[in-house]
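J.: Take this structure, written in structure tokens, and hold onto it; I'll ask about it next.
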Amino acid sequence: MNTAPVLSIRGLVKSYGERRVLDGVDLDVFEHQVVVLIGASGSGKSTLLRCVDLLEDIDDGQIFLDGSDISDPRGDADAARRSMGMVFQSFNLFPHMNVLANVTLAPRVVHRHTRAEAEQRGRELLDRVGLSEKADAYPDKLSGGQQQRVAIARALAYDPRLLLLDEITSALDPELVGEVLDLVGELAESGRTIVMATHEMGFARQVAHTVCFLDGGRIAESGTAEQVLSDPQQERTQQFLRRVTGAGRE
């Protein structure tokens with residue numbers, strides 16, 4: 001593992017009006033690590049990911065990607081975003097484009113790959129996510145799990161340095177969750193650097209190198225999955241885990 005983090009966040013603050021959603025977050029993510037963000041709804045997980053992807057302006061602090069301050073307003077935000085792939089709760093696929101066109105749009109338009117290059121890469125990714133036979137299908141003909149796997153393939157299409165996953169199973173029917181989590185598990189095993197917000201505690205235990213519990217816009221506790229999920233030290237972490245899994249100290 002490299003000694004320098006891929007992603008480094010220092011003192012991140014984000015408010016919406018009078019409400020401070022992120023209150024001085026510090027976080028380092030190293031190459032090939034999977035960092036899982038847990039916490040109650042409204043704890044700041046999604047906002048943190050959106051700030052990292054520069055979809056939200058921050059009020060204070062800094063965000064470094066491979067040592068470059070991407071939060072500097074004088075920087076090239078579009079160039080920074082091209083190094084990151086983000087997958088949202090909702091699939092956000094273009095309904096008027098077939099699956100292959102959705103996956104190849106950014107490589108062709110943003111990264112200036114030829115159509116042939118983009119489609120070859122797109123078909124390879126669809127095969128990887130188990131949807132090669134759906135290349136010509138339109139999103140409304142796919143299940144929710146299939147649409148989310150397409151969204152992940154789209155995020156991987158330009159080989160991002162960092163993959164950001166925001167509650168990607170929360171909009172799925174329970175029977176479809178497993179197929180998406182299996183794919184993320186494969187990506188983790190392949191060495192992808194991932195920051196993921198999730199309520200799936202069992203999955204977090206399997207794949208996370210680091211688990212961060214967010215509470216009130218702060219990282220209240222962090223450590224290995226075993227430490228945080230099996231032996232949480234903070235009362236708020238214990239309360240949260242008891243509520244969602246029955247885990248934590250009594």
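Residue numbering restarts at 1 in every chain; chains get A, B, ... in the order shown in the structure tokens, and ligands count up from 1 in that same order.
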Check which residues of stretch 214-235 of chain A sit at most 8 Å from stretch 13-35 of chain A using only C-alpha atoms, and return one row each with the closest pair of atoms and their distance in Å to one decimal, ordered by chain and rising number, as a tab-separated table.

T.:
```
residue	atom	partner	partner_atom	distance
A:Gly216	CA	A:Val21	CA	7.0
A:Gly217	CA	A:Leu22	CA	4.0
A:Arg218	CA	A:Asp23	CA	5.6
A:Ile219	CA	A:Val25	CA	6.4
```

J.: Please provide the set of residues having any atom within 12 Å of A:Glu124, restricted to only C-alpha atoms, with same-chain residues fewer than 2 positions apart removed, written as a list in words.

T.: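 Close residues of A:Glu124: Leu100, Val103, Thr104, Glu117, Ala118, Glu119, Gln120, Arg121, Gly122, Leu126, Asp127, Arg128, Val129, Gly130, Leu131, Ser132, Glu133, Ala135, Ala153, Arg154, Leu156 and Ala157 of chain A.
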
J.: Sort by chain and increasing residue number a table of all residues of stretch 74-108 of chain A within 12 Å of stretch 181-199 of chain A, each with its closest pair of atoms and their distance in Å to one decimal, counting only C-alpha atoms, and write it as a tab-separated table.

T.:
```
residue	atom	partner	partner_atom	distance
A:Ser83	CA	A:Thr193	CA	11.6
A:Met84	CA	A:Ile194	CA	9.9
A:Gly85	CA	A:Ile194	CA	9.6
A:Met86	CA	A:Val195	CA	9.7
A:Val87	CA	A:Met196	CA	9.5
A:Phe88	CA	A:Ala197	CA	10.1
A:Gln89	CA	A:Ala197	CA	10.0
```

J.: Restricted to C-alpha atoms, what would the selected residues look like written as a PDB file, in the first residue's frame?

T.:
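Saved to out08.pdb:
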```pdb
ATOM      1  CA  SER A  83     -10.705  10.799 -11.758  1.00  0.00           C
ATOM      2  CA  MET A  84     -13.737   9.691  -9.753  1.00  0.00           C
ATOM      3  CA  GLY A  85     -16.733   7.523 -10.515  1.00  0.00           C
ATOM      4  CA  MET A  86     -19.934   8.094  -8.538  1.00  0.00           C
ATOM      5  CA  VAL A  87     -22.965   5.835  -8.283  1.00  0.00           C
ATOM      6  CA  PHE A  88     -26.085   7.214  -6.631  1.00  0.00           C
ATOM      7  CA  GLN A  89     -29.080   5.753  -4.808  1.00  0.00           C
TER       8      GLN A  89
END
```

J.: Taking the DSSP secondary structure from the backbone, can you list the residues of stretch 19-180 of chain A that are alpha helix (DSSP H), as number ranges by chain?

T.: A: 45-52, 77-81, 99-109, 115-128, 144-156, 174-180

J.: For a quick check of understanding, using only C-alpha atoms, which of A:Arg10, A:Arg82, A:Arg50, A:Arg242 has the smallest distance to A:Asp159?

T.: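 Among the listed residues, the smallest separation from A:Asp159 belongs to A:Arg82.
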
J.: Looking at only C-alpha atoms, which of A:Leu12, A:Ala79, A:Cys212, A:Val109 is the one that sits closest to A:Leu48?

T.: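 Of the candidates, the smallest distance to A:Leu48 is held by A:Leu12.
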
J.: Counting only C-alpha atoms, which residue out of A:Met201, A:Ile152, A:Val211, A:Val244 sits closest to A:Leu164?

T.: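 Selected residue with least distance to A:Leu164: A:Ile152.
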
J.: I need the strand (DSSP E or B) residues of stretch 5-239 of chain A per DSSP on the backbone, written as a PyMOL selection string.

T.: chain A and resi 7-16+19-29+34-38+60-65+68-69+84-87+162-166+194-197+210-215+218-223

J.: Write to file, as a tab-separated table (two decimals), in the first residue's frame, the residues of the selection just made, with C-alpha atoms.

T.:
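Produced file selection-v4.tsv, reproduced below:
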```tsv
chain	number	residue	atom	x	y	z
A	7	LEU	CA	-8.10	10.75	-0.85
A	8	SER	CA	-7.43	13.00	2.12
A	9	ILE	CA	-10.11	15.14	3.73
A	10	ARG	CA	-9.24	17.76	6.33
A	11	GLY	CA	-11.65	19.80	8.44
A	12	LEU	CA	-14.55	19.49	5.97
A	13	VAL	CA	-17.51	21.67	6.83
A	14	LYS	CA	-20.78	21.89	4.93
A	15	SER	CA	-23.97	23.68	5.98
A	16	TYR	CA	-27.40	24.12	4.47
A	19	ARG	CA	-27.98	23.36	9.64
A	20	ARG	CA	-24.38	22.12	9.72
A	21	VAL	CA	-24.40	18.77	7.93
A	22	LEU	CA	-20.64	18.12	8.03
A	23	ASP	CA	-18.78	19.47	11.03
A	24	GLY	CA	-15.03	19.14	10.61
A	25	VAL	CA	-14.62	15.73	8.93
A	26	ASP	CA	-11.11	14.26	8.62
A	27	LEU	CA	-10.62	11.11	6.56
A	28	ASP	CA	-7.82	9.33	4.70
A	29	VAL	CA	-8.43	6.66	2.07
A	34	VAL	CA	-12.59	0.01	0.91
A	35	VAL	CA	-13.87	2.60	3.38
A	36	VAL	CA	-17.48	2.16	4.44
A	37	LEU	CA	-19.50	5.02	5.90
A	38	ILE	CA	-22.29	4.05	8.27
A	60	ASP	CA	-14.49	25.08	4.99
A	61	GLY	CA	-11.74	22.48	4.88
A	62	GLN	CA	-9.83	20.82	2.08
A	63	ILE	CA	-10.18	17.73	-0.11
A	64	PHE	CA	-7.02	16.27	-1.62
A	65	LEU	CA	-6.94	13.70	-4.42
A	68	SER	CA	-3.84	17.88	-5.19
A	69	ASP	CA	-6.31	20.19	-3.47
A	84	MET	CA	-13.74	9.69	-9.75
A	85	GLY	CA	-16.73	7.52	-10.52
A	86	MET	CA	-19.93	8.09	-8.54
A	87	VAL	CA	-22.96	5.83	-8.28
A	162	LEU	CA	-11.68	6.48	-6.83
A	163	LEU	CA	-15.15	4.90	-6.80
A	164	LEU	CA	-17.84	6.58	-4.68
A	165	LEU	CA	-20.98	4.57	-3.91
A	166	ASP	CA	-23.90	6.30	-2.21
A	194	ILE	CA	-13.85	2.59	-2.85
A	195	VAL	CA	-15.69	4.87	-0.44
A	196	MET	CA	-19.17	3.53	0.16
A	197	ALA	CA	-22.12	4.67	2.25
A	210	THR	CA	-12.14	0.77	7.50
A	211	VAL	CA	-15.60	1.54	8.85
A	212	CYS	CA	-16.47	5.11	9.81
A	213	PHE	CA	-19.54	5.84	11.92
A	214	LEU	CA	-20.91	9.30	11.23
A	215	ASP	CA	-23.06	11.06	13.79
A	218	ARG	CA	-18.72	14.08	12.44
A	219	ILE	CA	-16.85	10.79	12.31
A	220	ALA	CA	-17.65	9.64	15.83
A	221	GLU	CA	-15.75	6.36	15.54
A	222	SER	CA	-13.58	4.63	12.97
A	223	GLY	CA	-11.49	1.51	12.77
```

J.: To one decimal in Å, tell me the separation between atom CA of A:Gln146 and atom CA of A:His113.

T.: 25.4 Å

J.: For atom CA of A:Asp57 and atom CA of A:Ala171, determine how far apart the two atoms are, in Å to one decimal place.

T.: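 So the two atoms, atom CA of A:Asp57 and atom CA of A:Ala171, lie 25.9 Å apart.
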
J.: For the atom pair atom CA of A:Val99 and atom CA of A:Leu142, what is the interatomic distance in Å to one decimal place?

T.: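 Atom-to-atom, atom CA of A:Val99 and atom CA of A:Leu142 are spaced 9.5 Å apart.
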
J.: Find, counting only C-alpha atoms, the residue in A:Ala151, A:Val207, A:Ala40, A:Leu55 that gets nearest to A:Thr237.

T.: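 Nearest to A:Thr237: A:Ala40.
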
J.: At a cut-off of 9 Å, using only C-alpha atoms, what residues contact A:Glu200? Leave out same-chain residues fewer than 2 positions from it and give the result as a PyMOL selection string.

T.: chain A and resi 38+167+169+198+202-205

J.: Print the selection's residues with C-alpha atoms to a file, as an mmCIF file, in the first residue's frame.

T.:
```cif
data_model
loop_
_atom_site.group_PDB
_atom_site.id
_atom_site.type_symbol
_atom_site.label_atom_id
_atom_site.label_comp_id
_atom_site.auth_asym_id
_atom_site.auth_seq_id
_atom_site.Cartn_x
_atom_site.Cartn_y
_atom_site.Cartn_z
ATOM 1 C CA ILE A 38 -22.291 4.051 8.272
ATOM 2 C CA GLU A 167 -26.424 3.880 -0.677
ATOM 3 C CA THR A 169 -28.919 -0.672 -2.711
ATOM 4 C CA THR A 198 -24.380 1.767 3.161
ATOM 5 C CA GLY A 202 -23.138 -7.613 7.027
ATOM 6 C CA PHE A 203 -21.657 -6.491 3.741
ATOM 7 C CA ALA A 204 -19.590 -3.807 5.464
ATOM 8 C CA ARG A 205 -18.148 -6.480 7.733
#
```

J.: Just checking: using only C-alpha atoms, which residue out of A:Ala137, A:Arg81, A:Glu179, A:Lys45 ends up closest to A:Ala101?

T.: A:Ala137

J.: For A:Ser90, which of A:Val52, A:Ile168, A:Leu229, A:Ala116 is the closest residue, counting only C-alpha atoms?

T.: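 Result for the nearest residue to A:Ser90: A:Ile168.
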